[in-house]
Amino acid sequence: MSAEIKPSKSLLHNALIKIVSEKLSLIALIIVFLYFLVAMLTAMGVLASNWGQEIGQSYAAPSFEAIKNYFGLDIFGRSVLLKTIKATETAVVIGVVVSMISIVIGTLLGMLAGYFGGFVDELIVWFYTTFASIPGVMLLVAIAFILGKGTTTVFLSLGLTSWLGLCRIVRAEVMKHKEREYIQAANAIGATHTRKLFNHILPNISHLLIINFTQTFDSAVKAEVVLSFLGLGVVGRPSWGTMIDDSKLELARGVWWQLAAATFAMFLIVLAFNILGDALRDALDPKLKGK
Amino acid sequence: MKMPNVLLIILSATFLVFAGCTKKQDSNERVLNLVSPAEIKGFDPIQADDLYSGREISKIYEGLLQYHWLKMPYELVPNLAAALPVISKDGITYTFKLRSGVKFQDDAAFAGGKGREVEANDFVYSIKRLADSRNQATGWWVLDGKLKGLNEWREKNSKLPATNYDEEVEGVKALDKYTLQFKLAKAFPQFLYALAMPFTYAVSKEVVAKYGKEFINHPIGTGPYILPIFDQGKKITYTKNPTFREKLYPSDASPEFKNLLSDAGKRLPLVEKIVVHVMKETQPAWLKLNKGEIDYYSVPKDNFATAIKNNKLSDELAKKGFILEIAPQLDVTYTAFNFENKLFHNKKLRQAMYLAYDEPKANELFYNNTAFPAQSIIAPGIAGVDKNYVNPFKGPKLTEAKKLLAEAGYPDGKGLPELKYDIPDSTVSRQMGEYFQKQMEQIGVKIKIISSPWPEFQAKVKKKAVEVYGLAWGADYPDAENFLQLFYGPNKSPGANGSNYDNPQFNKEFEAATQMQDSPERTARYEKLNKFLAEEVVALFGVHRQAYILEQGWLKNYHPTDLHHDAVQYLNIDTQKKAELLKNF
Amino acid sequence: MNMYAYIFRRLLYVIPVLLGVCLVIFVLFNLVAPDPAFTLLGKHATQLQIAELHHELGMDRPYWVQYFDTVKTAFTFDFGYSWTSKQNIWEMIKAGAGPSLSITGPLFVIENIFAISLALLVAFYRGKLVDKIVLVLSIAGMSIPSLAVVLFGQWFFGYKLGIFEISGYERGFPQFVPYVILPIILYVFISFGGETRFYRTVILDEAYQDYVRTARSKGISELRVMFKHVLKNSMIPILTQIIIQIPTLILGLLFAESFFSIPGLGAMTINAINNSDFPVIKAMTILSAVGFILFGVVTDVLYTVVDPRMKLK
């Protein structure tokens, strides 16, 4: 294991160069960018704002007469294509918010535990061991039950159940960094705990957060489908989860297009994030440097 | 990692793959294969709150009365009673003579393991057991306040350390071994229907005592089938009760059932074995039906388009010998308002919302156009419904709706707060919610959909924490009272009146009507009450659904029904025809 | 011996974690969850009945007593009775464990063997076409909703081809065999993606270690490096992952058992969730938490006993 730690800025910079220079990861990056763009445009109402409009017969099959009809229509005669696009917004918002919640909780607790050690560490380790011991699905369901339905519930229940892994990694990493020279140096000039934690250590472990973001994002997108299956999903706006839930019934009448559209949309971004995650890990994790 | 273990695992895995093959059906066995679309909540009659548990319990237990299998409209006939009761002139005292020689099924709980004869005392015990607050019976409502002294007995005993079953209750007494007498608190002719419901079936004291909490898994009744132990499985296998009394297939029938008389006079039950498959998902059940492994099943909503065209079966299904049975159900769907919220006291608002709602389209989207539009609350086929009546506020009439909404004080929905629409969390409910939202949008009424798991949804209704919500009501018995009580003030939440509608005038007339014996006059009163609710638009009445059941060609004597919980004993299998038809599968 | 002291300490640590799990469960279900009374009493409930029921369920006792009850169940496994089916929960769990394990057991074995072999293959050919194809297939497997796979599988293999039972179950070996094949096949497809991705990462983590580079620089063939060094050393994280999966096996196929009419614990749990049957949900949560904690101890001990880095030094 290399002991030398490069300043993180150049690490990130290098990572970006590495990703852009590889064809596959570049494509993945572009896909992710496009999804975020689509999400932003729908949020602003530029794109797919009329997804709720009835444009034809209930369950009309895909046809090429208009772009809106490419993926067929749903039970109320709405365009599946527009719904899929609108659902991208839902998915991106869920992915980002959930990742943020989990990163904030995970990083904060992990840093505190790793930095202060002793009783604080014991307490936080106990706390996450407790949570980690309860199966994710059960915890998800329980939280969703208590918070009632809605988008907030989806955010919180997923956010509150996905910080564990990051917390553990951050804790271990901070423990290592605590002993490094640069912190010793900061000690010598009498830096405060907050300063050492947030100005010195945090930048040095930020690559972990980025890698974690790619993982949490796609597990959140997938978890939304599970929640929808349990009837705990998003209401009032289209999401891939509810589209797939709808298709549970539709398949019997041979209506496959809603399932296909939602699945494909999800497949693409999960794939992109996986490729990106791999590339990021290769580029960012010092342990893996120099393959 | 030890290699031998890995090898062992691989070997057993390969074995698993090769051992697979499906079992062939034996068409000579007279077995009924049925589906229960819901989990069975045990075999205690007093807890048989849901239709599906009721159906299973009725294979084993029996009550004083039953519905005639081949008569419509529903007609009560004696079952464990020897005859219909003698009713005193004031409608208060009901005296039953019991059938003699009826035996409980054999069980170790009885002396010598042989089931003993059923006596009037067993009914007294079973009724008290239903009333015992320690049992938390879901069926208590059928007798709550109905029998003299029973509520007092319940209350008094709930405070004692143990329930005293020996204390006499005036309302239910055994006069001698075969004579049972009920005394009602006030005249209530619907009481007889309670005696055909699973809640009041005869259970034996000895069995309850022997199994205690496990009684729920050890059903011992007097009925046509036995189930030694209920193991919570997804497959429940019943066999014929060898000590079942001589009960015969009916020889008379209403005109529409004359063709079901070929087994008339034969001893029941007609098949030796029943297998009930608990299948909550429609697709696997539908596939099994199509493979001939299930004897009948209702056509799933989404298989409808491919299975049925113009009320005729598709060629593929017809070739396999399937028969389509269509029968109206005793139910109603409606969108309820919570009248605790003053907003909904505005009659014109309710009427405007009803006028905006496109029922025919909903019928097409959600019921494949098979349901009857509901004009009011009472289901057709029950006395109290005027067939020619059309609710003047039934939509879609958008201009009128907008006009009324303006008159209500909310032109184009201005000034009206966003309404919360509560739904249970199933896929179809969610779609119905979205549809309702779209419909109301047309006149400017904004709807927010809130979906909850079924229990929580129910709890919200019971706690009056809802504004607008959709639900369906299935009849407990074929009397208009069971529908009209949904808007009877004293039944407010947590009672069945989840709308919390309370109109003194309606309450008074409802009470008067329900105390009358069946007569043209009572029917006229029911009709009047029904129309009153319709024009008040106390709810947005949806549809009365119809059952579309696909039946195998070899199944005999079957017809779809809501209230014949005990139907299986009449069903039969034509084994020859089954062998023949199975060749086409 | 140091190791025994460690094991003892690790075992002792089970207690606070178990108390924590009970606390979480207690807070969720006894303090903040919705009132179950309405579900239990059916559609004609009265106010008096609700009060009686609260008393019957012990919901009117002080909170610390209720918490203590929760803790007690974690040690005695006396979970009481289900609210909806009124069955003894421990009996329900015993009855459901067999059917669930008869599927998840073989599935677990097949899936892990399959995923590890595949991961080794793609780790060997990392960055090559094979790696990319497997990546795409894995993500496809992960993205296609399990529901769609199950519905299609039942229709195609069960109905169209008629080679497997569509659904159902029969207790006892070998009667259950025909019923479990289809769910196992379908679930290998559904879950191989995630597993393969995981094992690939684990193996590659090892492949980039210094000692591997050293070995490679000595001119040892890639194949030999892969099996001799990488696989041997990644066996620890792989075994850890395998062991830690074991307690999840009792949860069965959470989402598919009701499609296959399998009377297992997965269907039971989902059913309990749908019916707000708290005692059953609590029981399953406690049971799986206890499983996780105990198997966690096993993996930790395993780690200390055979840490490869310790041996390398």
# chains A, B, ... in the order shown; residues from 1 in each chain; ligands from 1

$ residues_around --residues "Leu34 of chain A" --least-positions-apart "5" --cutoff "12 Å" --atoms "only C-alpha atoms" --output "NGL selection string"
:A and (27-29 or 39-41 or 85 or 88-89 or 92 or 265 or 268-269 or 272)

$ interface_residues --of "chain B" --to "chain A" --cutoff "12 Å" --atoms "only C-alpha atoms" --output "ChimeraX atom specification"
/B:281-284,286-287,299-308,361-362,364-366,368,421-439,441,447-457,460

$ write_last_selection --atoms "C-alpha atoms" --output "PDB file, in the first residue's frame"
ATOM      1  CA  GLU B 281     -51.766 -13.657  -7.555  1.00  0.00           C
ATOM      2  CA  THR B 282     -54.077 -13.921 -10.526  1.00  0.00           C
ATOM      3  CA  GLN B 283     -51.608 -14.934 -13.207  1.00  0.00           C
ATOM      4  CA  PRO B 284     -50.502 -18.309 -11.794  1.00  0.00           C
ATOM      5  CA  TRP B 286     -55.265 -18.259 -14.422  1.00  0.00           C
ATOM      6  CA  LEU B 287     -52.511 -20.365 -15.993  1.00  0.00           C
ATOM      7  CA  VAL B 299     -61.621 -14.113 -15.189  1.00  0.00           C
ATOM      8  CA  PRO B 300     -58.900 -11.657 -14.139  1.00  0.00           C
ATOM      9  CA  LYS B 301     -59.576  -8.070 -15.161  1.00  0.00           C
ATOM     10  CA  ASP B 302     -56.604  -7.958 -17.471  1.00  0.00           C
ATOM     11  CA  ASN B 303     -57.130 -11.324 -19.125  1.00  0.00           C
ATOM     12  CA  PHE B 304     -60.647 -10.290 -20.006  1.00  0.00           C
ATOM     13  CA  ALA B 305     -59.892  -8.787 -23.402  1.00  0.00           C
ATOM     14  CA  THR B 306     -58.238 -11.969 -24.678  1.00  0.00           C
ATOM     15  CA  ALA B 307     -60.624 -14.427 -23.006  1.00  0.00           C
ATOM     16  CA  ILE B 308     -64.019 -12.919 -23.703  1.00  0.00           C
ATOM     17  CA  LYS B 361     -65.569   5.337 -18.958  1.00  0.00           C
ATOM     18  CA  ALA B 362     -64.490   4.065 -15.537  1.00  0.00           C
ATOM     19  CA  GLU B 364     -64.740   0.374 -19.352  1.00  0.00           C
ATOM     20  CA  LEU B 365     -61.271   0.988 -17.901  1.00  0.00           C
ATOM     21  CA  PHE B 366     -61.614  -0.908 -14.667  1.00  0.00           C
ATOM     22  CA  ASN B 368     -64.247  -4.148 -18.903  1.00  0.00           C
ATOM     23  CA  TYR B 421     -58.493  11.411  -1.708  1.00  0.00           C
ATOM     24  CA  ASP B 422     -57.515   8.320   0.280  1.00  0.00           C
ATOM     25  CA  ILE B 423     -56.999   4.960  -1.380  1.00  0.00           C
ATOM     26  CA  PRO B 424     -55.640   1.597  -0.330  1.00  0.00           C
ATOM     27  CA  ASP B 425     -52.277   0.906  -1.924  1.00  0.00           C
ATOM     28  CA  SER B 426     -53.048  -1.666  -4.618  1.00  0.00           C
ATOM     29  CA  THR B 427     -52.135  -1.029  -8.221  1.00  0.00           C
ATOM     30  CA  VAL B 428     -55.753  -0.813  -9.359  1.00  0.00           C
ATOM     31  CA  SER B 429     -56.696   1.551  -6.520  1.00  0.00           C
ATOM     32  CA  ARG B 430     -53.851   3.814  -7.513  1.00  0.00           C
ATOM     33  CA  GLN B 431     -55.092   3.873 -11.088  1.00  0.00           C
ATOM     34  CA  MET B 432     -58.634   4.570  -9.914  1.00  0.00           C
ATOM     35  CA  GLY B 433     -57.301   7.416  -7.802  1.00  0.00           C
ATOM     36  CA  GLU B 434     -55.540   8.909 -10.795  1.00  0.00           C
ATOM     37  CA  TYR B 435     -58.722   8.584 -12.819  1.00  0.00           C
ATOM     38  CA  PHE B 436     -60.781  10.347 -10.156  1.00  0.00           C
ATOM     39  CA  GLN B 437     -58.189  13.103 -10.008  1.00  0.00           C
ATOM     40  CA  LYS B 438     -58.398  13.617 -13.762  1.00  0.00           C
ATOM     41  CA  GLN B 439     -62.196  13.662 -13.695  1.00  0.00           C
ATOM     42  CA  GLU B 441     -59.743  18.389 -12.678  1.00  0.00           C
ATOM     43  CA  ILE B 447     -57.491  16.258  -5.701  1.00  0.00           C
ATOM     44  CA  LYS B 448     -54.467  15.011  -3.818  1.00  0.00           C
ATOM     45  CA  ILE B 449     -54.081  11.241  -3.782  1.00  0.00           C
ATOM     46  CA  ILE B 450     -52.953   9.619  -0.563  1.00  0.00           C
ATOM     47  CA  SER B 451     -52.345   5.897  -0.665  1.00  0.00           C
ATOM     48  CA  SER B 452     -51.888   3.745   2.422  1.00  0.00           C
ATOM     49  CA  PRO B 453     -51.645   0.044   3.126  1.00  0.00           C
ATOM     50  CA  TRP B 454     -55.114  -1.435   3.552  1.00  0.00           C
ATOM     51  CA  PRO B 455     -55.016  -1.637   7.393  1.00  0.00           C
ATOM     52  CA  GLU B 456     -53.844   1.931   7.706  1.00  0.00           C
ATOM     53  CA  PHE B 457     -56.423   3.105   5.201  1.00  0.00           C
ATOM     54  CA  LYS B 460     -57.866   6.402   8.919  1.00  0.00           C
TER      55      LYS B 460
END

$ interface_residues --of "chain B" --to "chain C" --cutoff "6 Å" --atoms "only C-alpha atoms" --output "PDB file with N, CA and C atoms, in the first residue's frame"
ATOM      1  N   GLY B  20     -36.692 -32.841 -11.958  1.00  0.00           N
ATOM      2  CA  GLY B  20     -37.899 -32.063 -12.238  1.00  0.00           C
ATOM      3  C   GLY B  20     -38.756 -32.601 -13.360  1.00  0.00           C
ATOM      4  N   CYS B  21     -40.008 -32.776 -13.044  1.00  0.00           N
ATOM      5  CA  CYS B  21     -40.981 -33.031 -14.078  1.00  0.00           C
ATOM      6  C   CYS B  21     -42.321 -32.774 -13.441  1.00  0.00           C
ATOM      7  N   THR B  22     -43.303 -32.409 -14.211  1.00  0.00           N
ATOM      8  CA  THR B  22     -44.579 -32.083 -13.604  1.00  0.00           C
ATOM      9  C   THR B  22     -45.419 -33.346 -13.440  1.00  0.00           C
ATOM     10  N   LYS B  41     -57.641 -17.066   7.418  1.00  0.00           N
ATOM     11  CA  LYS B  41     -57.260 -16.599   8.755  1.00  0.00           C
ATOM     12  C   LYS B  41     -57.704 -17.580   9.838  1.00  0.00           C
ATOM     13  N   GLY B  42     -57.460 -18.829   9.623  1.00  0.00           N
ATOM     14  CA  GLY B  42     -57.792 -19.807  10.653  1.00  0.00           C
ATOM     15  C   GLY B  42     -59.242 -20.251  10.589  1.00  0.00           C
ATOM     16  N   THR B 138     -64.605 -10.939  15.611  1.00  0.00           N
ATOM     17  CA  THR B 138     -64.906  -9.944  14.581  1.00  0.00           C
ATOM     18  C   THR B 138     -66.377 -10.000  14.181  1.00  0.00           C
ATOM     19  N   GLY B 233     -50.747 -23.923   5.418  1.00  0.00           N
ATOM     20  CA  GLY B 233     -50.151 -24.111   4.103  1.00  0.00           C
ATOM     21  C   GLY B 233     -50.909 -23.349   3.039  1.00  0.00           C
ATOM     22  N   LYS B 234     -50.371 -23.425   1.811  1.00  0.00           N
ATOM     23  CA  LYS B 234     -51.041 -22.790   0.685  1.00  0.00           C
ATOM     24  C   LYS B 234     -51.931 -23.799  -0.021  1.00  0.00           C
ATOM     25  N   MET B 279     -54.038 -18.867  -3.607  1.00  0.00           N
ATOM     26  CA  MET B 279     -53.251 -18.188  -4.645  1.00  0.00           C
ATOM     27  C   MET B 279     -53.659 -16.737  -4.709  1.00  0.00           C
ATOM     28  N   GLU B 281     -52.045 -14.308  -6.287  1.00  0.00           N
ATOM     29  CA  GLU B 281     -51.766 -13.657  -7.555  1.00  0.00           C
ATOM     30  C   GLU B 281     -52.630 -14.265  -8.645  1.00  0.00           C
ATOM     31  N   PRO B 455     -54.658  -1.801   5.976  1.00  0.00           N
ATOM     32  CA  PRO B 455     -55.016  -1.637   7.393  1.00  0.00           C
ATOM     33  C   PRO B 455     -54.966  -0.174   7.827  1.00  0.00           C
ATOM     34  N   ALA B 459     -57.861   2.218   9.186  1.00  0.00           N
ATOM     35  CA  ALA B 459     -57.726   2.925  10.461  1.00  0.00           C
ATOM     36  C   ALA B 459     -58.039   4.404  10.287  1.00  0.00           C
ATOM     37  N   PRO B 494     -66.200   4.425  14.694  1.00  0.00           N
ATOM     38  CA  PRO B 494     -65.629   3.301  13.971  1.00  0.00           C
ATOM     39  C   PRO B 494     -66.638   2.255  13.478  1.00  0.00           C
ATOM     40  N   GLY B 495     -67.921   2.556  13.482  1.00  0.00           N
ATOM     41  CA  GLY B 495     -68.906   1.630  12.929  1.00  0.00           C
ATOM     42  C   GLY B 495     -68.837   1.605  11.409  1.00  0.00           C
ATOM     43  N   ALA B 496     -69.840   0.981  10.797  1.00  0.00           N
ATOM     44  CA  ALA B 496     -69.794   0.790   9.355  1.00  0.00           C
ATOM     45  C   ALA B 496     -70.071   2.076   8.569  1.00  0.00           C
TER      46      ALA B 496
END

$ residues_around --residues "Ile183 of chain A" --least-positions-apart "5" --cutoff "10 Å" --atoms "only C-alpha atoms" --output "mmCIF file with C-alpha atoms, in the first residue's frame"
data_model
loop_
_atom_site.group_PDB
_atom_site.id
_atom_site.type_symbol
_atom_site.label_atom_id
_atom_site.label_comp_id
_atom_site.auth_asym_id
_atom_site.auth_seq_id
_atom_site.Cartn_x
_atom_site.Cartn_y
_atom_site.Cartn_z
ATOM 1 C CA HIS A 177 -5.474 9.677 8.389
ATOM 2 C CA LYS A 178 -5.528 10.759 12.007
ATOM 3 C CA ALA A 188 1.355 21.420 16.090
ATOM 4 C CA ILE A 189 -0.093 24.736 14.958
ATOM 5 C CA ALA A 191 -5.842 23.693 14.695
ATOM 6 C CA LYS A 196 -8.810 19.354 11.162
ATOM 7 C CA LEU A 197 -11.861 17.293 10.333
ATOM 8 C CA HIS A 200 -7.811 18.638 6.322
ATOM 9 C CA ILE A 201 -9.279 15.168 6.508
#

$ interface_residues --of "chain C" --to "chain A" --cutoff "6 Å" --atoms "only C-alpha atoms" --output "list in words"
Val17, Gly20, Val21, Ala33, Ile139, Ser143, Ile144, Tyr208, Ala289 and Phe292 of chain C

$ select_by_dssp --residues "segment 99-336 of chain B" --states "helix (DSSP H, G or I)" --output "MDAnalysis selection string"
chainID B and resid 111:113 120:131 133:135 140:142 150:159 191:194 198:200 205:217 255:260 282:290 304:307 315:319

$ select_by_dssp --residues "segment 145-291 of chain B" --states "strand (DSSP E or B)" --output "PyMOL selection string"
chain B and resi 147+169+172-176+179-184+225-226+235-240+248+267+273-278

$ residues_around --residues "Pro504 of chain B" --least-positions-apart "6" --cutoff "12 Å" --atoms "only C-alpha atoms" --output "MDAnalysis selection string"
chainID B and resid 487:490 510:511

$ closest_residue --among "C:Leu31, C:Lys94, C:Gln175, C:Arg197" --to "Val136 of chain C" --atoms "only C-alpha atoms"
C:Arg197

$ residues_around --residues "segment 11-15 of chain A" --least-positions-apart "6" --cutoff "7 Å" --atoms "only C-alpha atoms" --output "list in words"
Leu280, Ala283 and Leu284 of chain A

$ residues_around --residues "Tyr548 of chain B" --least-positions-apart "4" --cutoff "8 Å" --atoms "only C-alpha atoms" --output "NGL selection string"
:B and (298-299 or 324-327)

$ atom_distance --atom1 "atom CA of Leu137 of chain C" --atom2 "atom CA of Arg213 of chain C"
29.9 Å

$ atom_distance --atom1 "atom CA of Glu400 of chain B" --atom2 "atom CA of Asn50 of chain A"
27.2 Å

$ closest_residue --among "A:Leu81, A:Leu108, A:Leu209, A:Glu224" --to "Ala144 of chain A" --atoms "only C-alpha atoms"
A:Glu224

$ atom_distance --atom1 "atom CA of Glu168 of chain B" --atom2 "atom CA of Pro78 of chain B"
25.8 Å

$ closest_residue --among "B:Ala137, B:Ala264, B:Leu484, B:Ile220" --to "Glu509 of chain B" --atoms "only C-alpha atoms"
B:Leu484
